[in-house]
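J.: To be precise about what I am sending: the file is called protein_26.cif and holds mmCIF, C-alpha atoms.
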data_structure
loop_
_atom_site.group_PDB
_atom_site.id
_atom_site.type_symbol
_atom_site.label_atom_id
_atom_site.label_comp_id
_atom_site.auth_asym_id
_atom_site.auth_seq_id
_atom_site.Cartn_x
_atom_site.Cartn_y
_atom_site.Cartn_z
ATOM 1 C CA MET A 799 68.523 -39.984 -36.061
ATOM 2 C CA LYS A 800 65.802 -41.000 -33.654
ATOM 3 C CA LYS A 801 66.899 -38.305 -31.217
ATOM 4 C CA ASN A 802 66.684 -35.638 -33.897
ATOM 5 C CA LYS A 803 63.182 -36.807 -34.817
ATOM 6 C CA SER A 804 61.955 -36.650 -31.223
ATOM 7 C CA ASP A 805 63.587 -33.251 -30.803
ATOM 8 C CA ILE A 806 61.774 -32.014 -33.849
ATOM 9 C CA VAL A 807 58.451 -33.368 -32.559
ATOM 10 C CA ILE A 808 58.992 -31.792 -29.136
ATOM 11 C CA GLU A 809 59.927 -28.482 -30.725
ATOM 12 C CA ALA A 810 56.853 -28.632 -32.971
ATOM 13 C CA LEU A 811 54.555 -29.392 -30.027
ATOM 14 C CA GLU A 812 56.063 -26.532 -28.024
ATOM 15 C CA MET A 813 55.542 -24.172 -30.949
ATOM 16 C CA ILE A 814 51.871 -25.253 -31.216
ATOM 17 C CA LYS A 815 51.432 -24.755 -27.480
ATOM 18 C CA GLN A 816 52.965 -21.274 -27.627
ATOM 19 C CA ASP A 817 50.790 -20.285 -30.588
ATOM 20 C CA SER A 818 47.563 -21.404 -28.855
ATOM 21 C CA THR A 819 48.131 -19.423 -25.605
ATOM 22 C CA PRO A 820 47.299 -15.723 -25.848
ATOM 23 C CA THR A 821 50.023 -13.156 -25.593
ATOM 24 C CA GLU A 822 50.092 -10.641 -22.698
ATOM 25 C CA GLN A 823 48.577 -7.975 -24.923
ATOM 26 C CA GLN A 824 45.782 -10.319 -25.983
ATOM 27 C CA LYS A 825 45.108 -11.224 -22.342
ATOM 28 C CA GLU A 826 44.838 -7.477 -21.487
ATOM 29 C CA GLN A 827 42.402 -6.943 -24.336
ATOM 30 C CA MET A 828 40.234 -9.900 -23.280
ATOM 31 C CA LEU A 829 40.158 -8.688 -19.669
ATOM 32 C CA THR A 830 39.170 -5.150 -20.713
ATOM 33 C CA TYR A 831 36.373 -6.535 -22.888
ATOM 34 C CA VAL A 832 34.958 -8.769 -20.137
ATOM 35 C CA LEU A 833 35.051 -5.941 -17.571
ATOM 36 C CA ALA A 834 33.348 -3.529 -19.982
ATOM 37 C CA LYS A 835 30.538 -6.021 -20.651
ATOM 38 C CA GLY A 836 30.040 -6.676 -16.960
ATOM 39 C CA LYS A 837 29.754 -2.948 -16.186
ATOM 40 C CA VAL A 838 26.680 -2.311 -18.372
ATOM 41 C CA VAL A 839 23.807 -1.300 -16.021
ATOM 42 C CA GLU A 840 20.467 0.224 -17.024
ATOM 43 C CA PRO A 841 20.366 3.826 -15.867
ATOM 44 C CA ILE A 842 17.676 4.519 -13.245
ATOM 45 C CA THR A 843 16.029 7.899 -13.762
ATOM 46 C CA LYS A 844 15.158 10.228 -10.879
ATOM 47 C CA LEU A 845 11.456 9.604 -11.507
ATOM 48 C CA GLU A 846 11.961 5.839 -11.212
ATOM 49 C CA GLN A 847 13.895 6.327 -7.959
ATOM 50 C CA ILE A 848 11.081 8.452 -6.498
ATOM 51 C CA LYS A 849 8.483 5.908 -7.663
ATOM 52 C CA ARG A 850 10.400 3.083 -5.953
ATOM 53 C CA LYS A 851 10.618 5.055 -2.695
ATOM 54 C CA ILE A 852 6.852 5.759 -2.768
ATOM 55 C CA VAL A 853 5.995 2.093 -3.426
ATOM 56 C CA GLU A 854 8.382 0.914 -0.683
ATOM 57 C CA THR A 855 6.849 3.044 2.112
ATOM 58 C CA PRO A 856 3.674 4.725 0.825
ATOM 59 C CA TRP A 857 2.695 6.115 4.232
ATOM 60 C CA ARG A 858 5.645 8.516 4.237
ATOM 61 C CA PHE A 859 4.676 10.067 0.900
ATOM 62 C CA ALA A 860 1.017 10.223 1.994
ATOM 63 C CA LEU A 861 1.919 11.937 5.280
ATOM 64 C CA LEU A 862 4.296 14.390 3.598
ATOM 65 C CA THR A 863 1.736 15.371 0.941
ATOM 66 C CA SER A 864 -0.953 15.682 3.585
ATOM 67 C CA VAL A 865 1.164 17.928 5.825
ATOM 68 C CA VAL A 866 2.129 20.184 2.919
ATOM 69 C CA GLN A 867 -1.451 20.592 1.687
ATOM 70 C CA THR A 868 -2.736 21.263 5.205
ATOM 71 C CA MET A 869 -0.103 23.934 5.880
ATOM 72 C CA VAL A 870 -0.651 25.634 2.533
ATOM 73 C CA PHE A 871 -4.457 25.649 2.543
ATOM 74 C CA THR A 872 -4.799 26.508 6.238
ATOM 75 C CA ALA A 873 -2.408 29.428 5.716
ATOM 76 C CA ILE A 874 -4.597 30.640 2.851
ATOM 77 C CA PHE A 875 -8.105 29.878 4.136
ATOM 78 C CA GLY A 876 -7.653 29.511 7.902
ATOM 79 C CA THR A 877 -10.288 27.702 9.991
ATOM 80 C CA ARG A 878 -12.768 27.677 7.081
ATOM 81 C CA TYR A 879 -10.627 24.962 5.453
ATOM 82 C CA THR A 880 -10.169 22.879 8.618
ATOM 83 C CA ASN A 881 -13.842 23.232 9.546
ATOM 84 C CA LEU A 882 -14.801 21.980 6.081
ATOM 85 C CA PHE A 883 -13.048 18.657 6.734
ATOM 86 C CA LEU A 884 -14.548 18.384 10.193
ATOM 87 C CA LYS A 885 -17.992 19.015 8.702
ATOM 88 C CA ILE A 886 -17.557 16.315 6.025
ATOM 89 C CA PHE A 887 -15.919 13.608 8.113
ATOM 90 C CA GLY A 888 -17.103 14.509 11.563
ATOM 91 C CA GLY A 889 -20.769 14.862 10.731
ATOM 92 C CA MET B 1150 3.231 -6.186 16.174
ATOM 93 C CA LYS B 1151 6.370 -6.980 14.180
ATOM 94 C CA LYS B 1152 4.271 -8.277 11.284
ATOM 95 C CA LEU B 1153 2.087 -5.149 11.441
ATOM 96 C CA MET B 1154 5.145 -2.870 11.252
ATOM 97 C CA GLU B 1155 6.468 -4.927 8.352
ATOM 98 C CA ALA B 1156 3.117 -4.550 6.554
ATOM 99 C CA ILE B 1157 3.201 -0.759 7.146
ATOM 100 C CA ASN B 1158 6.794 -0.323 5.990
ATOM 101 C CA HIS B 1159 6.954 -2.982 3.254
ATOM 102 C CA PRO B 1160 3.440 -3.472 1.821
ATOM 103 C CA VAL B 1161 4.773 -5.103 -1.361
ATOM 104 C CA GLN B 1162 6.417 -7.848 0.690
ATOM 105 C CA ALA B 1163 3.277 -8.254 2.830
ATOM 106 C CA PHE B 1164 1.144 -8.722 -0.310
ATOM 107 C CA GLN B 1165 3.587 -11.247 -1.744
ATOM 108 C CA GLU B 1166 3.695 -13.251 1.503
ATOM 109 C CA GLU B 1167 -0.127 -13.252 1.781
ATOM 110 C CA ARG B 1168 -0.451 -12.580 5.499
ATOM 111 C CA LYS B 1169 -3.904 -14.112 6.085
ATOM 112 C CA VAL B 1170 -4.089 -13.662 9.848
ATOM 113 C CA LEU B 1171 -2.890 -10.048 9.735
ATOM 114 C CA SER B 1172 -5.293 -9.290 6.884
ATOM 115 C CA TRP B 1173 -8.363 -10.577 8.719
ATOM 116 C CA CYS B 1174 -7.258 -9.032 12.020
ATOM 117 C CA LEU B 1175 -7.135 -5.598 10.391
ATOM 118 C CA VAL B 1176 -10.566 -6.098 8.816
ATOM 119 C CA LEU B 1177 -12.090 -7.217 12.123
ATOM 120 C CA LEU B 1178 -10.435 -4.302 13.918
ATOM 121 C CA THR B 1179 -11.974 -1.826 11.446
ATOM 122 C CA VAL B 1180 -15.404 -3.442 11.765
ATOM 123 C CA LEU B 1181 -15.166 -3.476 15.595
ATOM 124 C CA ILE B 1182 -14.234 0.221 15.649
ATOM 125 C CA ASN B 1183 -17.280 0.986 13.505
ATOM 126 C CA ALA B 1184 -19.717 -1.316 15.273
ATOM 127 C CA VAL B 1185 -18.547 -1.366 18.903
ATOM 128 C CA PHE B 1186 -16.121 1.455 19.684
ATOM 129 C CA GLU B 1187 -18.298 4.211 18.198
ATOM 130 C CA PRO B 1188 -21.547 3.407 20.061
ATOM 131 C CA VAL B 1189 -19.628 2.773 23.299
ATOM 132 C CA LEU B 1190 -17.778 6.105 23.031
ATOM 133 C CA ARG B 1191 -21.019 7.904 22.231
ATOM 134 C CA TYR B 1192 -22.713 6.244 25.232
ATOM 135 C CA CYS B 1193 -19.794 7.196 27.514
ATOM 136 C CA LYS B 1194 -20.139 10.829 26.442
ATOM 137 C CA ASN B 1195 -23.952 10.926 26.643
ATOM 138 C CA SER B 1196 -24.772 8.210 29.187
ATOM 139 C CA ASN B 1197 -28.046 9.931 30.176
ATOM 140 C CA GLN B 1198 -29.396 9.654 26.607
ATOM 141 C CA GLY B 1199 -30.430 5.998 26.491
ATOM 142 C CA SER B 1200 -28.547 2.686 26.378
ATOM 143 C CA ILE B 1201 -26.362 0.949 23.818
ATOM 144 C CA ASP B 1202 -28.315 -0.744 21.035
ATOM 145 C CA TYR B 1203 -26.706 -4.193 21.010
ATOM 146 C CA ILE B 1204 -28.819 -5.479 18.124
ATOM 147 C CA HIS B 1205 -27.646 -2.558 15.973
ATOM 148 C CA MET B 1206 -24.062 -3.307 17.039
ATOM 149 C CA LEU B 1207 -24.388 -6.940 15.978
ATOM 150 C CA ARG B 1208 -26.031 -5.893 12.714
ATOM 151 C CA LEU B 1209 -23.143 -3.546 11.928
ATOM 152 C CA LEU B 1210 -20.628 -6.317 12.713
ATOM 153 C CA VAL B 1211 -22.253 -8.664 10.226
ATOM 154 C CA LEU B 1212 -22.715 -5.934 7.600
ATOM 155 C CA GLY B 1213 -19.100 -4.851 7.985
ATOM 156 C CA ILE B 1214 -17.796 -8.339 7.292
ATOM 157 C CA LEU B 1215 -20.256 -8.695 4.422
ATOM 158 C CA SER B 1216 -18.989 -5.421 2.964
ATOM 159 C CA TYR B 1217 -15.435 -6.784 3.032
ATOM 160 C CA VAL B 1218 -16.486 -10.007 1.309
ATOM 161 C CA LEU B 1219 -18.375 -7.978 -1.325
ATOM 162 C CA ILE B 1220 -15.434 -5.754 -2.142
ATOM 163 C CA CYS B 1221 -13.145 -8.810 -2.431
ATOM 164 C CA VAL B 1222 -15.603 -10.493 -4.799
ATOM 165 C CA GLY B 1223 -15.785 -7.218 -6.761
ATOM 166 C CA LEU B 1224 -11.995 -7.072 -6.930
ATOM 167 C CA TRP B 1225 -11.815 -10.658 -8.112
ATOM 168 C CA GLY B 1226 -14.527 -10.160 -10.756
ATOM 169 C CA ILE B 1227 -13.154 -6.946 -12.244
ATOM 170 C CA CYS B 1228 -9.523 -8.105 -12.162
ATOM 171 C CA LYS B 1229 -10.497 -11.413 -13.787
ATOM 172 C CA CYS B 1230 -12.175 -9.460 -16.631
ATOM 173 C CA PHE B 1231 -8.887 -7.648 -17.175
ATOM 174 C CA GLY B 1232 -6.857 -10.862 -17.313
ATOM 175 C CA SER B 1233 -5.837 -11.447 -13.702
ATOM 176 C CA LYS B 1234 -5.380 -15.060 -12.598
ATOM 177 C CA THR B 1235 -5.590 -14.301 -8.881
ATOM 178 C CA THR B 1236 -8.251 -16.379 -7.137
ATOM 179 C CA CYS B 1237 -11.049 -14.985 -4.999
ATOM 180 C CA LYS B 1238 -9.485 -16.697 -1.978
ATOM 181 C CA ASN B 1239 -6.235 -14.755 -2.570
ATOM 182 C CA HIS B 1240 -8.183 -11.503 -2.642
ATOM 183 C CA LEU B 1241 -10.025 -12.431 0.582
ATOM 184 C CA PHE B 1242 -6.710 -13.091 2.336
ATOM 185 C CA SER B 1243 -4.741 -10.148 0.908
ATOM 186 C CA TRP B 1244 -7.029 -7.119 0.557
ATOM 187 C CA GLY B 1245 -7.265 -6.786 4.338
ATOM 188 C CA ILE B 1246 -3.620 -5.692 4.469
ATOM 189 C CA THR B 1247 -4.736 -2.358 2.964
ATOM 190 C CA TYR B 1248 -6.965 -1.756 6.025
ATOM 191 C CA ILE B 1249 -4.339 -0.037 8.169
ATOM 192 C CA PRO B 1250 -5.339 3.428 6.909
ATOM 193 C CA THR B 1251 -9.018 2.385 7.060
ATOM 194 C CA ALA B 1252 -8.705 1.500 10.739
ATOM 195 C CA ILE B 1253 -6.948 4.819 11.485
ATOM 196 C CA CYS B 1254 -9.703 6.644 9.584
ATOM 197 C CA ALA B 1255 -12.395 4.771 11.548
ATOM 198 C CA VAL B 1256 -10.900 5.868 14.881
ATOM 199 C CA THR B 1257 -10.509 9.466 13.690
ATOM 200 C CA VAL B 1258 -14.055 9.654 12.296
ATOM 201 C CA THR B 1259 -15.441 8.267 15.577
ATOM 202 C CA VAL B 1260 -13.511 10.755 17.707
ATOM 203 C CA THR B 1261 -14.362 13.775 15.526
ATOM 204 C CA GLU B 1262 -18.063 12.829 15.421
ATOM 205 C CA VAL B 1263 -18.449 12.276 19.131
ATOM 206 C CA PHE B 1264 -16.344 15.270 20.239
ATOM 207 C CA PHE B 1265 -17.237 17.489 17.289
ATOM 208 C CA TYR B 1266 -17.714 20.766 19.158
ATOM 209 C CA VAL B 1267 -14.384 20.406 20.959
ATOM 210 C CA PHE B 1268 -12.522 20.595 17.655
ATOM 211 C CA TRP B 1269 -14.743 23.071 15.795
ATOM 212 C CA ASN B 1270 -12.948 26.358 14.995
ATOM 213 C CA ASN B 1271 -9.752 25.054 16.605
ATOM 214 C CA VAL B 1272 -6.895 25.591 14.124
ATOM 215 C CA ILE B 1273 -4.461 23.093 15.653
ATOM 216 C CA TRP B 1274 -6.941 20.216 15.996
ATOM 217 C CA GLY B 1275 -8.392 21.083 12.624
ATOM 218 C CA MET B 1276 -4.958 20.814 11.032
ATOM 219 C CA VAL B 1277 -4.215 17.539 12.838
ATOM 220 C CA PHE B 1278 -7.447 15.928 11.624
ATOM 221 C CA ASN B 1279 -6.945 17.378 8.169
ATOM 222 C CA ILE B 1280 -3.483 15.783 7.981
ATOM 223 C CA ILE B 1281 -4.892 12.448 9.171
ATOM 224 C CA PHE B 1282 -7.887 12.376 6.810
ATOM 225 C CA VAL B 1283 -6.015 13.412 3.664
ATOM 226 C CA GLY B 1284 -2.979 11.307 4.557
ATOM 227 C CA VAL B 1285 -5.082 8.215 5.115
ATOM 228 C CA LEU B 1286 -6.908 8.774 1.816
ATOM 229 C CA ILE B 1287 -3.680 9.122 -0.182
ATOM 230 C CA TRP B 1288 -2.200 6.092 1.627
ATOM 231 C CA LYS B 1289 -5.219 3.939 0.769
ATOM 232 C CA ILE B 1290 -5.091 5.003 -2.903
ATOM 233 C CA LEU B 1291 -1.376 4.121 -3.089
ATOM 234 C CA LEU B 1292 -2.005 0.724 -1.440
ATOM 235 C CA PHE B 1293 -4.851 0.121 -3.912
ATOM 236 C CA ALA B 1294 -2.518 0.796 -6.864
ATOM 237 C CA ILE B 1295 0.235 -1.408 -5.370
ATOM 238 C CA TYR B 1296 -2.371 -4.139 -4.719
ATOM 239 C CA LEU B 1297 -3.497 -4.159 -8.354
ATOM 240 C CA LYS B 1298 0.117 -4.570 -9.490
ATOM 241 C CA GLU B 1299 1.363 -7.039 -6.859
ATOM 242 C CA VAL B 1300 -1.651 -9.230 -6.063
ATOM 243 C CA ALA B 1301 -3.877 -8.949 -9.139
ATOM 244 C CA LYS B 1302 -0.716 -8.808 -11.309
ATOM 245 C CA LEU B 1303 -2.218 -6.279 -13.717
ATOM 246 C CA GLN B 1304 -0.009 -4.078 -15.845
ATOM 247 C CA GLY B 1305 -0.414 -0.936 -17.951
ATOM 248 C CA LYS B 1306 -3.836 -0.278 -19.465
ATOM 249 C CA ALA B 1307 -5.432 -3.306 -17.764
ATOM 250 C CA CYS B 1308 -4.361 -1.912 -14.388
ATOM 251 C CA VAL B 1309 -5.744 1.556 -15.183
ATOM 252 C CA GLY B 1310 -8.998 0.145 -16.572
ATOM 253 C CA ALA B 1311 -9.546 -2.149 -13.602
ATOM 254 C CA GLY B 1312 -8.669 0.697 -11.224
ATOM 255 C CA LEU B 1313 -11.231 3.047 -12.745
ATOM 256 C CA LEU B 1314 -14.023 0.444 -12.735
ATOM 257 C CA LEU B 1315 -13.185 -0.508 -9.170
ATOM 258 C CA CYS B 1316 -13.331 3.173 -8.141
ATOM 259 C CA VAL B 1317 -16.935 3.285 -9.327
ATOM 260 C CA ILE B 1318 -17.767 0.084 -7.412
ATOM 261 C CA ILE B 1319 -15.994 1.408 -4.315
ATOM 262 C CA LEU B 1320 -17.980 4.651 -4.428
ATOM 263 C CA LEU B 1321 -21.253 2.718 -4.767
ATOM 264 C CA LEU B 1322 -20.362 0.389 -1.906
ATOM 265 C CA ALA B 1323 -19.248 3.372 0.215
ATOM 266 C CA ALA B 1324 -22.671 4.967 -0.279
ATOM 267 C CA LEU B 1325 -24.306 1.652 0.667
ATOM 268 C CA ASN B 1326 -22.094 1.385 3.750
ATOM 269 C CA GLY B 1327 -23.156 4.862 4.835
ATOM 270 C CA PHE B 1328 -26.794 3.983 4.252
ATOM 271 C CA VAL B 1329 -26.664 0.924 6.530
ATOM 272 C CA GLY B 1330 -24.833 2.815 9.282
ATOM 273 C CA LEU B 1331 -21.154 2.038 8.761
ATOM 274 C CA LYS B 1332 -19.690 5.510 9.170
ATOM 275 C CA THR B 1333 -16.272 4.463 7.840
ATOM 276 C CA PRO B 1334 -16.736 2.294 4.722
ATOM 277 C CA VAL B 1335 -15.284 -1.187 5.234
ATOM 278 C CA LEU B 1336 -13.805 -1.263 1.724
#
Any chance you could put this one into structure tokens?

T.:
Amino acid sequence: MKKNKSDIVIEALEMIKQDSTPTEQQKEQMLTYVLAKGKVVEPITKLEQIKRKIVETPWRFALLTSVVQTMVFTAIFGTRYTNLFLKIFGG
Amino acid sequence: MKKLMEAINHPVQAFQEERKVLSWCLVLLTVLINAVFEPVLRYCKNSNQGSIDYIHMLRLLVLGILSYVLICVGLWGICKCFGSKTTCKNHLFSWGITYIPTAICAVTVTVTEVFFYVFWNNVIWGMVFNIIFVGVLIWKILLFAIYLKEVAKLQGKACVGAGLLLCVIILLLAALNGFVGLKTPVL
């Protein structure tokens, strides 16, 4: 009688233990959910990327802009444009 | 040299680390170029036209440093009005990091003034100086904007408002600098 009772208790405890652990399918679902949550990243727009590059090394953007404007305006106006800057800054 | 290169390539980091020595070294370099290098170069070119005016040199040195202190006080005052909690001392030790383009401009202005007729009507030299002047101006404006965000910690409309008011003060101080003889404004 005692042995039957202890068997029943053991069986009941094992059943409770089995019920509380997730099944393989449930484990897969939980893993997929956690991975999906971890993957959420704010999208960085192209404009934001360019802004970050300019702030990181401003001298490169300044030099690039300066070179482009010099080439364009000197091609259009010639020495009149370059002389203008020399007149203003060089006295 | 390493700290200077870091300040050139990573100004945000330089502002955050508050490089006091580098800041004041750049300011003093700019003032020395204005006050000492320019008259010495002019004397070397025209040595038969009188001697170097040392009193004027000393006066420009003092006025240059005073100009820097004034612009820092101006920065502190305007930024404080727009909600910044940065102290005047922080401004005095950080604003100088934006003087790399100012120092380059000072050298270029000195060379173009003294050797003006060498470069006049020369397309290549004209383009080179054009690139330097415009590049330095854009660089300084970008550093100014980064400074307002990183050091003064201003955002959005406060940043724009402070920037515009400071532009007016900078223009006034630049005119004053020119009036006293500082050919490149120490601002």

J.: Ranking B:Val1260, B:Cys1230, B:Leu1171, B:Asn1195 by minimum distance to Lys1332 (chain B) and counting all atoms listed in the file, which one comes first?

T.: B:Val1260

J.: Please list as a PyMOL selection string every residue within 10 Å of region 1304-1312 of chain B, counting all atoms listed in the file and excluding residues in the same chain fewer than 4 positions away.

T.: chain B and resi 1224+1226-1233+1293-1294+1297-1299+1316-1318

J.: Which residues of chain B have any atom within 10 Å of an atom in chain A when counting only C-alpha atoms, and what is the closest pair of atoms for each, with the distance in Å to one decimal? Order the rows by chain and rising number and write it as a Markdown table.

T.:
| residue | atom | partner | partner_atom | distance |
| --- | --- | --- | --- | --- |
| B:Ala1156 | CA | A:Thr855 | CA | 9.6 |
| B:Ile1157 | CA | A:Thr855 | CA | 7.3 |
| B:Asn1158 | CA | A:Thr855 | CA | 5.1 |
| B:His1159 | CA | A:Glu854 | CA | 5.7 |
| B:Pro1160 | CA | A:Glu854 | CA | 7.1 |
| B:Val1161 | CA | A:Glu854 | CA | 7.0 |
| B:Gln1162 | CA | A:Glu854 | CA | 9.1 |
| B:Pro1250 | CA | A:Trp857 | CA | 8.9 |
| B:Cys1254 | CA | A:Phe887 | CA | 9.4 |
| B:Thr1257 | CA | A:Gly888 | CA | 8.6 |
| B:Val1258 | CA | A:Gly888 | CA | 5.8 |
| B:Thr1259 | CA | A:Gly888 | CA | 7.6 |
| B:Val1260 | CA | A:Gly888 | CA | 8.0 |
| B:Thr1261 | CA | A:Gly888 | CA | 4.9 |
| B:Glu1262 | CA | A:Gly888 | CA | 4.3 |
| B:Val1263 | CA | A:Gly888 | CA | 8.0 |
| B:Phe1264 | CA | A:Gly888 | CA | 8.7 |
| B:Phe1265 | CA | A:Gly888 | CA | 6.5 |
| B:Tyr1266 | CA | A:Leu884 | CA | 9.8 |
| B:Phe1268 | CA | A:Leu884 | CA | 8.0 |
| B:Trp1269 | CA | A:Asn881 | CA | 6.3 |
| B:Asn1270 | CA | A:Thr877 | CA | 5.8 |
| B:Asn1271 | CA | A:Thr877 | CA | 7.1 |
| B:Val1272 | CA | A:Thr877 | CA | 5.7 |
| B:Ile1273 | CA | A:Thr880 | CA | 9.1 |
| B:Trp1274 | CA | A:Thr880 | CA | 8.5 |
| B:Gly1275 | CA | A:Thr880 | CA | 4.7 |
| B:Met1276 | CA | A:Thr880 | CA | 6.1 |
| B:Val1277 | CA | A:Thr868 | CA | 8.6 |
| B:Phe1278 | CA | A:Leu884 | CA | 7.6 |
| B:Asn1279 | CA | A:Thr880 | CA | 6.4 |
| B:Ile1280 | CA | A:Ser864 | CA | 5.1 |
| B:Ile1281 | CA | A:Ser864 | CA | 7.6 |
| B:Phe1282 | CA | A:Phe883 | CA | 8.1 |
| B:Val1283 | CA | A:Ser864 | CA | 5.5 |
| B:Gly1284 | CA | A:Ala860 | CA | 4.9 |
| B:Val1285 | CA | A:Ala860 | CA | 7.1 |
| B:Leu1286 | CA | A:Ala860 | CA | 8.1 |
| B:Ile1287 | CA | A:Ala860 | CA | 5.3 |
| B:Trp1288 | CA | A:Ala860 | CA | 5.2 |
| B:Lys1289 | CA | A:Trp857 | CA | 8.9 |
| B:Ile1290 | CA | A:Ala860 | CA | 9.4 |
| B:Leu1291 | CA | A:Pro856 | CA | 6.4 |
| B:Leu1292 | CA | A:Pro856 | CA | 7.3 |
| B:Ala1294 | CA | A:Val853 | CA | 9.3 |
| B:Ile1295 | CA | A:Val853 | CA | 7.0 |
| B:Lys1332 | CA | A:Phe887 | CA | 9.0 |
| B:Thr1333 | CA | A:Phe887 | CA | 9.2 |

J.: Which polymer residues have any atom within 12 Å of an atom of His1205 (chain B), counting all atoms listed in the file, with same-chain residues fewer than 3 positions away left out, as a list of chain:residue names?

T.: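 Surrounding residues, per the criterion: B:Asn1183, B:Ala1184, B:Val1185, B:Glu1187, B:Pro1188, B:Ser1200, B:Ile1201, B:Asp1202, B:Arg1208, B:Leu1209, B:Leu1210, B:Val1211, B:Leu1212, B:Gly1213, B:Val1329, B:Gly1330, B:Leu1331.
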
J.: Given the PyMOL selection byres ((chain B and resi 1246) around 12) and the file above, list the residues it selects as a PyMOL selection string.

T.: chain B and resi 1152-1179+1217+1239-1245+1247-1252+1289+1292-1293+1295-1296+1300+1336

J.: Using CA of Met813 (chain A) and CA of Glu826 (chain A) as the two end points, give the distance in Å to one decimal.

T.: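 Interatomic distance here is 22.0 Å.
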
J.: I'd like to know which of B:Cys1193, B:Leu1181, B:Ile1220, B:Val1256 is closest to Ala1323 (chain B), using all atoms listed in the file.

T.: B:Ile1220

J.: Provide the CA of Lys1238 (chain B) to CA of Leu1207 (chain B) distance in Å, to one decimal place.

T.: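 Straight-line distance from CA of Lys1238 (chain B) to CA of Leu1207 (chain B) works out to 25.3 Å.
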
J.: Between CA of Arg1191 (chain B) and CA of Ile1253 (chain B), what distance in Å does the model show, to one decimal?

T.: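 Between CA of Arg1191 (chain B) and CA of Ile1253 (chain B) the gap works out to 18.0 Å.
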
J.: Around all listed atoms of region 1315-1320 of chain B, padded 3 Å per side, what centre and edge lengths does the axis-aligned box have in Å to one decimal, as AutoDock Vina command-line options?

T.:
--center_x -15.6 --center_y 2.1 --center_z -6.8 --size_x 10.8 --size_y 11.2 --size_z 11.0

J.: Have a look at B:Leu1190, B:Leu1215, B:Met1150, B:Cys1221 and name the one nearest to Leu1325 (chain B); count all atoms listed in the file.

T.: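 Looking only at the distances to Leu1325 (chain B), the closest residue turns out to be B:Leu1215.
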
J.: Quick one: region 827-858 of chain A from the block, C-alpha atoms, as a compact mmCIF listing (two decimals), in the first residue's frame.

T.:
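Written file, result.txt:
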# COMPACT_ATOMS: atom_id res chain seq x y z
CA GLN A 827 8.53 29.83 -30.80
CA MET A 828 10.16 31.51 -27.79
CA LEU A 829 13.55 31.58 -29.53
CA THR A 830 12.07 33.10 -32.70
CA TYR A 831 10.32 35.78 -30.65
CA VAL A 832 13.46 36.73 -28.70
CA LEU A 833 15.57 36.91 -31.89
CA ALA A 834 12.96 39.04 -33.65
CA LYS A 835 12.86 41.51 -30.74
CA GLY A 836 16.63 41.73 -30.61
CA LYS A 837 16.87 42.49 -34.35
CA VAL A 838 14.83 45.73 -34.23
CA VAL A 839 17.20 48.59 -35.22
CA GLU A 840 16.23 52.16 -36.12
CA PRO A 841 16.84 52.70 -39.82
CA ILE A 842 19.52 55.33 -40.56
CA THR A 843 18.62 57.45 -43.57
CA LYS A 844 21.18 58.49 -46.19
CA LEU A 845 20.92 62.10 -45.00
CA GLU A 846 21.73 61.06 -41.42
CA GLN A 847 24.73 59.05 -42.66
CA ILE A 848 26.06 62.06 -44.60
CA LYS A 849 25.46 64.33 -41.59
CA ARG A 850 27.43 61.96 -39.34
CA LYS A 851 30.34 61.86 -41.81
CA ILE A 852 30.43 65.68 -42.00
CA VAL A 853 30.38 66.06 -38.20
CA GLU A 854 33.09 63.40 -37.78
CA THR A 855 35.64 65.07 -40.10
CA PRO A 856 34.35 68.51 -41.13
CA TRP A 857 37.57 69.50 -42.90
CA ARG A 858 37.02 66.91 -45.63
